$ cat structure-v1.txt   # compact mmCIF, C-alpha atoms
# COMPACT_ATOMS: atom_id res chain seq x y z
CA MET P 824 -4.12 -7.42 -24.07
CA THR P 825 -4.37 -11.08 -25.05
CA GLU P 826 -7.31 -13.32 -25.67
CA LEU P 827 -6.80 -14.71 -22.15
CA ASN P 828 -8.81 -11.66 -21.11
CA THR P 829 -6.11 -10.22 -18.88
CA GLU P 830 -7.64 -6.75 -18.93
CA SER P 831 -10.97 -8.05 -17.65
CA GLN P 832 -9.29 -10.21 -14.99
CA TYR P 833 -7.08 -7.31 -13.94
CA ASN P 834 -10.08 -4.99 -13.61
CA THR P 835 -12.04 -7.58 -11.63
CA VAL P 836 -9.18 -7.96 -9.13
CA ILE P 837 -8.67 -4.19 -8.86
CA THR P 838 -12.41 -3.64 -8.33
CA ARG P 839 -12.30 -6.09 -5.41
CA CYS P 840 -9.20 -4.45 -3.91
CA LYS P 841 -10.58 -0.94 -4.38
CA GLU P 842 -13.88 -1.88 -2.75
CA LEU P 843 -12.03 -3.01 0.38
CA PHE P 844 -9.83 0.12 0.30
CA LEU P 845 -12.88 2.40 0.09
CA ASN P 846 -14.72 0.52 2.82
CA LYS P 847 -11.70 0.89 5.10
CA MET P 848 -11.60 4.60 4.19
CA ARG P 849 -15.21 4.84 5.37
CA ASP P 850 -14.32 3.03 8.61
CA TYR P 851 -10.98 4.69 9.43
CA GLY P 852 -10.76 7.78 7.25
CA ALA P 853 -7.43 8.52 5.63
CA SER P 854 -5.42 7.57 8.72
CA TRP P 855 -2.92 5.91 6.34
CA ARG P 856 -1.86 9.37 5.11
CA ILE P 857 0.56 9.67 8.05
CA PHE P 858 2.52 6.55 6.96
CA ARG P 859 6.08 7.32 5.96
CA LEU P 860 7.40 5.19 3.10
CA PRO P 861 9.62 2.93 5.23
CA SER P 862 6.57 2.08 7.35
CA LEU P 863 4.61 1.16 4.23
CA THR P 864 7.52 -0.93 2.99
CA ASP P 865 7.48 -2.77 6.31
CA GLN P 866 3.69 -3.27 6.12
CA LEU P 867 4.12 -4.78 2.66
CA TYR P 868 6.98 -6.93 3.93
CA ILE P 869 4.81 -8.29 6.76
CA LYS P 870 2.09 -9.29 4.27
CA ALA P 871 4.52 -10.89 1.79
CA ASN P 872 6.45 -12.67 4.53
CA ARG P 873 3.23 -14.16 5.93
CA ILE P 874 2.30 -15.43 2.47
CA ARG P 875 5.71 -17.08 2.12
CA SER P 876 5.45 -18.56 5.61
CA VAL P 877 2.03 -20.07 4.86
CA GLN P 878 3.25 -21.36 1.49
CA THR P 879 6.26 -22.99 3.13
CA LYS P 880 4.44 -24.45 6.14
CA LYS P 881 1.38 -25.38 4.07
CA VAL P 882 -0.85 -24.50 7.01
CA SER P 883 -2.17 -21.27 8.49
CA LYS P 884 -3.06 -20.88 12.16
CA VAL P 885 -4.76 -17.56 11.47
CA ASP P 886 -8.14 -18.06 9.85
CA GLU P 887 -7.20 -16.26 6.63
CA GLY P 888 -5.86 -17.51 3.35
CA ILE P 889 -3.14 -15.79 1.40
CA GLU P 890 -5.64 -14.08 -0.87
CA SER P 891 -6.40 -11.39 1.71
CA ASP P 892 -2.68 -10.68 2.06
CA PHE P 893 -2.26 -10.25 -1.69
CA ILE P 894 -5.20 -7.81 -1.61
CA GLY P 895 -3.41 -6.00 1.20
CA ILE P 896 -0.25 -5.87 -0.92
CA VAL P 897 -2.19 -4.30 -3.79
CA ASN P 898 -3.73 -1.69 -1.51
CA TYR P 899 -0.57 -0.87 0.45
CA SER P 900 1.30 -0.51 -2.85
CA VAL P 901 -1.33 1.95 -4.05
CA ILE P 902 -1.02 3.83 -0.76
CA ALA P 903 2.78 3.95 -1.08
CA LEU P 904 2.52 5.37 -4.59
CA ILE P 905 -0.04 7.96 -3.45
CA GLN P 906 2.37 8.95 -0.69
CA ILE P 907 5.20 9.32 -3.23
CA TRP P 908 3.04 11.42 -5.55
CA LYS P 909 1.22 13.49 -2.93
CA GLY P 910 3.72 13.51 -0.09
CA VAL P 911 3.21 12.26 3.46
CA ALA P 912 0.72 14.19 5.61
CA ASP P 913 0.76 14.87 9.34
CA THR P 914 -2.99 14.33 9.59
CA PRO P 915 -5.61 12.45 7.58
CA ASP P 916 -6.31 14.96 4.80
CA LEU P 917 -8.33 13.08 2.17
CA ASN P 918 -12.01 12.32 1.98
CA VAL P 919 -13.27 9.12 0.36
CA GLU P 920 -13.93 10.76 -3.01
CA ASP P 921 -10.46 12.31 -3.28
CA ALA P 922 -8.77 9.12 -2.11
CA GLU P 923 -10.68 7.21 -4.78
CA LYS P 924 -9.40 9.62 -7.46
CA TRP P 925 -5.82 9.08 -6.28
CA TYR P 926 -6.38 5.30 -6.17
CA ASP P 927 -7.71 5.34 -9.73
CA ALA P 928 -4.76 7.41 -10.97
CA VAL P 929 -2.25 4.96 -9.49
CA VAL P 930 -4.10 1.94 -10.88
CA LYS P 931 -4.35 3.55 -14.33
CA LYS P 932 -0.57 3.98 -14.45
CA ALA P 933 -0.03 0.44 -13.10
CA CYS P 934 -2.33 -0.98 -15.77
CA GLU P 935 -0.49 0.95 -18.51
CA LEU P 936 2.79 -0.53 -17.23
CA LEU P 937 1.21 -3.99 -17.18
CA GLU P 938 0.12 -3.65 -20.81
CA CYS P 939 3.65 -2.69 -21.91
CA LYS P 940 5.34 -5.45 -19.94
CA ASN P 941 2.76 -8.06 -21.01
CA HIS P 942 3.50 -7.16 -24.61
CA ASP P 943 7.27 -7.54 -24.18
CA TYR P 944 7.19 -10.60 -21.90
CA ASP P 945 4.24 -12.39 -23.55
CA GLU P 946 2.46 -12.72 -20.20
CA ALA P 947 5.17 -14.97 -18.79
CA TRP P 948 3.62 -14.47 -15.34
CA ARG P 949 0.82 -16.86 -16.34
CA ASN P 950 3.36 -19.72 -16.24
CA MET P 951 4.81 -18.72 -12.89
CA ARG P 952 4.17 -20.35 -9.55
CA ILE P 953 2.44 -18.18 -6.97
CA SER P 954 5.35 -18.96 -4.63
CA SER P 955 7.75 -17.44 -7.18
CA ILE P 956 5.61 -14.32 -7.36
CA THR P 957 5.80 -14.11 -3.57
CA ASP P 958 9.59 -14.34 -3.71
CA ILE P 959 9.78 -11.63 -6.38
CA ILE P 960 7.64 -9.34 -4.22
CA LEU P 961 9.91 -9.99 -1.21
CA VAL P 962 13.04 -9.28 -3.29
CA LYS P 963 11.55 -6.02 -4.54
CA LEU P 964 10.71 -5.04 -0.96
CA LEU P 965 14.29 -5.74 0.13
CA ARG P 966 15.46 -3.57 -2.77
CA ILE P 967 13.17 -0.76 -1.66
CA LYS P 968 14.55 -1.07 1.89
CA GLU P 969 18.08 -0.63 0.51
CA ILE P 970 16.98 2.38 -1.54
CA GLU P 971 15.36 3.85 1.59
CA ASN P 972 18.51 3.14 3.63
CA ASN P 973 20.46 4.99 0.92
CA GLU P 974 18.06 7.94 1.17
CA GLY P 975 16.62 7.26 -2.29
CA ALA P 976 19.93 7.22 -4.12
CA THR P 977 20.51 4.57 -6.78
CA ILE P 978 23.40 4.06 -9.20
CA ALA P 979 22.04 1.72 -11.85
CA SER P 980 18.59 0.77 -10.58
CA GLU P 981 15.02 1.96 -10.81
CA GLY P 982 13.67 3.88 -7.86
CA ALA P 983 11.27 2.80 -5.17
CA ASP P 984 8.24 3.89 -7.19
CA SER P 985 9.02 1.44 -10.02
CA ASN P 986 9.36 -1.35 -7.50
CA TYR P 987 6.03 -0.45 -5.86
CA PHE P 988 4.34 -0.57 -9.29
CA ASP P 989 5.87 -3.99 -9.96
CA ILE P 990 4.77 -5.25 -6.54
CA LEU P 991 1.23 -4.03 -7.18
CA ASN P 992 1.08 -5.80 -10.53
CA TYR P 993 2.65 -9.03 -9.27
CA ALA P 994 0.08 -9.14 -6.45
CA VAL P 995 -2.69 -8.73 -9.04
CA PHE P 996 -1.12 -11.56 -11.09
CA ALA P 997 -1.14 -13.79 -8.00
CA LEU P 998 -4.80 -13.01 -7.35
CA ILE P 999 -5.68 -13.81 -10.97
CA LEU P 1000 -3.80 -17.11 -10.74
CA ILE P 1001 -5.50 -17.97 -7.46
CA GLN P 1002 -8.90 -17.31 -9.03
CA GLU P 1003 -8.00 -19.50 -12.02
CA GLN P 1004 -6.93 -22.34 -9.72
CA THR P 1005 -10.20 -22.25 -7.82
CA LYS P 1006 -12.38 -22.51 -10.94
$ encode --input "structure-v1.txt" --output "structure tokens"
Amino acid sequence: MTELNTESQYNTVITRCKELFLNKMRDYGASWRIFRLPSLTDQLYIKANRIRSVQTKKVSKVDEGIESDFIGIVNYSVIALIQIWKGVADTPDLNVEDAEKWYDAVVKKACELLECKNHDYDEAWRNMRISSITDIILVKLLRIKEIENNEGATIASEGADSNYFDILNYAVFALILIQEQTK
């Protein structure tokens, strides 16, 4: 990646997100394994919509910034991709160690995608506003909803999995930008 140290920043953000994911696994087990994809899409939508609402209103009445919602978007995107790869379960069927392996596999593929896109787009995301990233995430979620409503069928578009990967990476970009703004 570039001299801006994107790889290191990406890994720092992912480490933070993964730590929360694993801690929640220890608290709740793999209860998320019963989520069907439309439910995960809606969970992601709730997070992204809250971010947009706070950005628009410039005030939050819930004592949380938008950073925690972007972390949630990363983790719910990982969960959605695990569900696509592994299939939805009727009961929590993963222990912490196995869930971590799945998490790492998803993030590895997301990072590979990031490297390719950063090469082609010259890290254009670094010049984006966080509010624009939020809008892109919301658009991608609306696209996934349409794909789900069409039972996965697309004519000229990527599938839901590609959109989930993009959402994951855009949320990481937003978290990197937030960290840079607070330095």
$ closest_residue --input "structure-v1.txt" --among "P:Val836, P:Leu917, P:Ile889, P:Lys881" --to "Arg856 in chain P" --atoms "all atoms listed in the file"
P:Leu917
$ atom_distance --input "structure-v1.txt" --atom1 "CA of Leu936 in chain P" --atom2 "CA of Trp948 in chain P"
14.1 Å
$ closest_residue --input "structure-v1.txt" --among "P:Leu1000, P:Ala933, P:Ala979, P:Ile905" --to "Met951 in chain P" --atoms "only C-alpha atoms"
P:Leu1000
$ residues_near_point --input "structure-v1.txt" --point "(1.7, -3.2, 7.6)" --cutoff "12 Å" --atoms "all atoms listed in the file" --output "PyMOL selection string"
chain P and resi 855+858-873+892+895-896+898-900+902-903
$ closest_residue --input "structure-v1.txt" --among "P:Val897, P:Ile857, P:Cys939, P:Ile970" --to "Leu991 in chain P" --atoms "only C-alpha atoms"
P:Val897
$ residues_around --input "structure-v1.txt" --residues "range 927-929 of chain P" --least-positions-apart "6" --cutoff "12 Å" --atoms "all atoms listed in the file" --output "ChimeraX atom specification"
/P:834,837-838,840-842,844-845,897-909,920-921,935-936,984-985,987-988,991-992
$ residues_around --input "structure-v1.txt" --residues "Gln878 in chain P" --least-positions-apart "6" --cutoff "12 Å" --atoms "only C-alpha atoms" --output "ChimeraX atom specification"
/P:871-872,888-890,952-958
$ write_last_selection --input "structure-v1.txt" --atoms "C-alpha atoms" --output "short mmCIF file (atom, residue, chain, number, x, y, z; two decimals), in the coordinates of the input"
data_model
loop_
_atom_site.label_atom_id
_atom_site.label_comp_id
_atom_site.auth_asym_id
_atom_site.auth_seq_id
_atom_site.Cartn_x
_atom_site.Cartn_y
_atom_site.Cartn_z
CA ALA P 871 4.52 -10.89 1.79
CA ASN P 872 6.45 -12.67 4.53
CA GLY P 888 -5.86 -17.51 3.35
CA ILE P 889 -3.14 -15.79 1.40
CA GLU P 890 -5.64 -14.08 -0.87
CA ARG P 952 4.17 -20.35 -9.55
CA ILE P 953 2.44 -18.18 -6.97
CA SER P 954 5.35 -18.96 -4.63
CA SER P 955 7.75 -17.44 -7.18
CA ILE P 956 5.61 -14.32 -7.36
CA THR P 957 5.80 -14.11 -3.57
CA ASP P 958 9.59 -14.34 -3.71
#
$ closest_residue --input "structure-v1.txt" --among "P:Glu969, P:Phe893, P:Val877, P:Glu1003" --to "Ile990 in chain P" --atoms "all atoms listed in the file"
P:Phe893
$ residues_around --input "structure-v1.txt" --residues "Asn986 in chain P" --least-positions-apart "6" --cutoff "8 Å" --atoms "only C-alpha atoms" --output "MDAnalysis selection string"
chainID P and resid 963:964 967
$ atom_distance --input "structure-v1.txt" --atom1 "CA of Glu923 in chain P" --atom2 "CA of Gly852 in chain P"
12.0 Å
$ atom_distance --input "structure-v1.txt" --atom1 "CA of Glu830 in chain P" --atom2 "CA of Tyr944 in chain P"
15.6 Å
$ closest_residue --input "structure-v1.txt" --among "P:Trp925, P:Asp913, P:Gly982, P:Tyr993" --to "Ala947 in chain P" --atoms "only C-alpha atoms"
P:Tyr993
$ axis_aligned_box --input "structure-v1.txt" --around "range 830-841 of chain P" --padding-each-side "5 Å" --output "AutoDock Vina command-line options"
--center_x -9.7 --center_y -5.6 --center_z -11.4 --size_x 15.3 --size_y 19.3 --size_z 25.0
$ closest_residue --input "structure-v1.txt" --among "P:Ile959, P:Val885, P:Ala976, P:Val911" --to "Ala994 in chain P" --atoms "only C-alpha atoms"
P:Ile959
$ decode --input "structure-v1.txt" --residues "range 832-978 of chain P" --atoms "C-alpha atoms" --output "CSV table (one decimal), in the first residue's frame"
chain,number,residue,atom,x,y,z
P,832,GLN,CA,-4.0,1.9,9.8
P,833,TYR,CA,-6.4,-0.8,8.4
P,834,ASN,CA,-4.9,-3.4,10.7
P,835,THR,CA,-5.2,-1.2,13.7
P,836,VAL,CA,-8.9,-0.5,13.0
P,837,ILE,CA,-9.6,-4.2,12.3
P,838,THR,CA,-7.8,-5.2,15.6
P,839,ARG,CA,-10.1,-2.9,17.5
P,840,CYS,CA,-13.2,-4.2,15.8
P,841,LYS,CA,-12.2,-7.8,16.2
P,842,GLU,CA,-11.5,-7.3,19.9
P,843,LEU,CA,-15.1,-6.1,20.4
P,844,PHE,CA,-16.4,-8.9,18.3
P,845,LEU,CA,-14.6,-11.5,20.3
P,846,ASN,CA,-15.6,-10.0,23.6
P,847,LYS,CA,-19.2,-10.1,22.5
P,848,MET,CA,-18.7,-13.7,21.5
P,849,ARG,CA,-17.5,-14.4,25.0
P,850,ASP,CA,-20.6,-12.6,26.5
P,851,TYR,CA,-23.3,-13.9,24.1
P,852,GLY,CA,-21.8,-16.8,22.3
P,853,ALA,CA,-22.5,-17.1,18.6
P,854,SER,CA,-26.2,-16.0,18.9
P,855,TRP,CA,-25.7,-14.0,15.7
P,856,ARG,CA,-25.5,-17.3,13.8
P,857,ILE,CA,-29.3,-17.4,13.6
P,858,PHE,CA,-29.5,-14.0,11.7
P,859,ARG,CA,-30.8,-14.3,8.2
P,860,LEU,CA,-29.2,-12.0,5.7
P,861,PRO,CA,-32.1,-9.5,5.5
P,862,SER,CA,-32.0,-9.1,9.2
P,863,LEU,CA,-28.3,-8.4,9.0
P,864,THR,CA,-28.9,-5.9,6.2
P,865,ASP,CA,-31.5,-4.2,8.5
P,866,GLN,CA,-29.0,-4.1,11.4
P,867,LEU,CA,-26.4,-2.5,9.2
P,868,TYR,CA,-29.1,0.0,7.9
P,869,ILE,CA,-30.0,1.0,11.5
P,870,LYS,CA,-26.3,1.7,12.2
P,871,ALA,CA,-25.7,3.7,9.0
P,872,ASN,CA,-29.0,5.6,9.3
P,873,ARG,CA,-28.1,6.6,12.9
P,874,ILE,CA,-24.7,7.9,11.7
P,875,ARG,CA,-26.4,9.9,9.0
P,876,SER,CA,-29.0,11.3,11.4
P,877,VAL,CA,-26.2,12.4,13.9
P,878,GLN,CA,-24.2,13.9,11.0
P,879,THR,CA,-27.2,15.8,9.8
P,880,LYS,CA,-28.5,17.0,13.2
P,881,LYS,CA,-25.0,17.6,14.5
P,882,VAL,CA,-26.0,16.4,17.9
P,883,SER,CA,-26.6,13.0,19.5
P,884,LYS,CA,-29.0,12.4,22.4
P,885,VAL,CA,-27.6,8.9,22.9
P,886,ASP,CA,-24.3,9.0,24.7
P,887,GLU,CA,-22.3,7.5,21.8
P,888,GLY,CA,-20.4,9.0,18.9
P,889,ILE,CA,-20.6,7.6,15.4
P,890,GLU,CA,-17.4,5.7,15.8
P,891,SER,CA,-19.1,2.9,17.7
P,892,ASP,CA,-21.6,2.6,14.9
P,893,PHE,CA,-18.9,2.3,12.2
P,894,ILE,CA,-17.3,-0.4,14.3
P,895,GLY,CA,-20.7,-2.1,14.4
P,896,ILE,CA,-20.9,-1.8,10.6
P,897,VAL,CA,-17.5,-3.5,10.2
P,898,ASN,CA,-18.6,-6.3,12.5
P,899,TYR,CA,-22.1,-6.8,11.1
P,900,SER,CA,-20.5,-6.9,7.6
P,901,VAL,CA,-18.1,-9.6,8.7
P,902,ILE,CA,-21.0,-11.5,10.2
P,903,ALA,CA,-23.1,-11.2,7.0
P,904,LEU,CA,-20.2,-12.5,4.9
P,905,ILE,CA,-19.7,-15.4,7.3
P,906,GLN,CA,-23.4,-16.2,7.0
P,907,ILE,CA,-23.0,-16.2,3.2
P,908,TRP,CA,-20.0,-18.4,3.3
P,909,LYS,CA,-21.1,-20.8,6.0
P,910,GLY,CA,-24.9,-20.6,5.8
P,911,VAL,CA,-27.3,-19.5,8.4
P,912,ALA,CA,-27.7,-21.8,11.5
P,913,ASP,CA,-30.7,-22.6,13.6
P,914,THR,CA,-28.6,-22.5,16.8
P,915,PRO,CA,-25.4,-20.9,17.9
P,916,ASP,CA,-22.9,-23.4,16.5
P,917,LEU,CA,-19.5,-21.7,16.7
P,918,ASN,CA,-17.1,-21.3,19.6
P,919,VAL,CA,-14.9,-18.3,20.0
P,920,GLU,CA,-11.9,-19.9,18.3
P,921,ASP,CA,-13.8,-21.0,15.2
P,922,ALA,CA,-15.6,-17.6,15.0
P,923,GLU,CA,-12.2,-15.9,15.1
P,924,LYS,CA,-10.9,-18.1,12.2
P,925,TRP,CA,-14.0,-17.1,10.1
P,926,TYR,CA,-13.6,-13.4,11.1
P,927,ASP,CA,-9.9,-13.5,10.0
P,928,ALA,CA,-10.8,-15.2,6.7
P,929,VAL,CA,-13.4,-12.5,5.8
P,930,VAL,CA,-11.0,-9.7,6.8
P,931,LYS,CA,-8.2,-11.2,4.8
P,932,LYS,CA,-10.4,-11.2,1.6
P,933,ALA,CA,-11.6,-7.7,2.4
P,934,CYS,CA,-8.0,-6.4,2.8
P,935,GLU,CA,-7.0,-8.0,-0.5
P,936,LEU,CA,-9.9,-6.2,-2.2
P,937,LEU,CA,-8.9,-3.0,-0.5
P,938,GLU,CA,-5.3,-3.3,-1.8
P,939,CYS,CA,-6.6,-3.8,-5.4
P,940,LYS,CA,-9.0,-1.0,-5.3
P,941,ASN,CA,-6.5,1.4,-3.6
P,942,HIS,CA,-4.1,0.7,-6.4
P,943,ASP,CA,-6.7,1.5,-9.1
P,944,TYR,CA,-8.3,4.4,-7.3
P,945,ASP,CA,-5.2,5.9,-5.8
P,946,GLU,CA,-6.8,5.9,-2.3
P,947,ALA,CA,-9.4,8.4,-3.3
P,948,TRP,CA,-11.3,7.6,-0.1
P,949,ARG,CA,-8.7,9.7,1.8
P,950,ASN,CA,-10.2,12.8,0.2
P,951,MET,CA,-13.8,11.9,0.9
P,952,ARG,CA,-16.0,13.4,3.6
P,953,ILE,CA,-17.1,10.9,6.3
P,954,SER,CA,-20.7,12.0,5.4
P,955,SER,CA,-20.1,10.8,1.8
P,956,ILE,CA,-18.9,7.5,3.1
P,957,THR,CA,-22.0,7.2,5.2
P,958,ASP,CA,-24.2,7.9,2.1
P,959,ILE,CA,-22.3,5.3,0.0
P,960,ILE,CA,-22.8,2.7,2.8
P,961,LEU,CA,-26.6,3.5,2.8
P,962,VAL,CA,-26.8,3.2,-1.0
P,963,LYS,CA,-25.1,-0.1,-0.9
P,964,LEU,CA,-27.5,-1.3,1.8
P,965,LEU,CA,-30.5,-0.2,-0.3
P,966,ARG,CA,-28.9,-2.1,-3.2
P,967,ILE,CA,-28.6,-5.2,-1.1
P,968,LYS,CA,-32.2,-4.9,0.0
P,969,GLU,CA,-33.3,-4.9,-3.7
P,970,ILE,CA,-31.1,-7.9,-4.4
P,971,GLU,CA,-32.7,-9.7,-1.4
P,972,ASN,CA,-36.2,-8.6,-2.6
P,973,ASN,CA,-35.3,-10.2,-6.0
P,974,GLU,CA,-34.2,-13.4,-4.2
P,975,GLY,CA,-30.5,-12.8,-5.1
P,976,ALA,CA,-31.0,-12.3,-8.8
P,977,THR,CA,-29.1,-9.5,-10.6
P,978,ILE,CA,-28.9,-8.6,-14.2
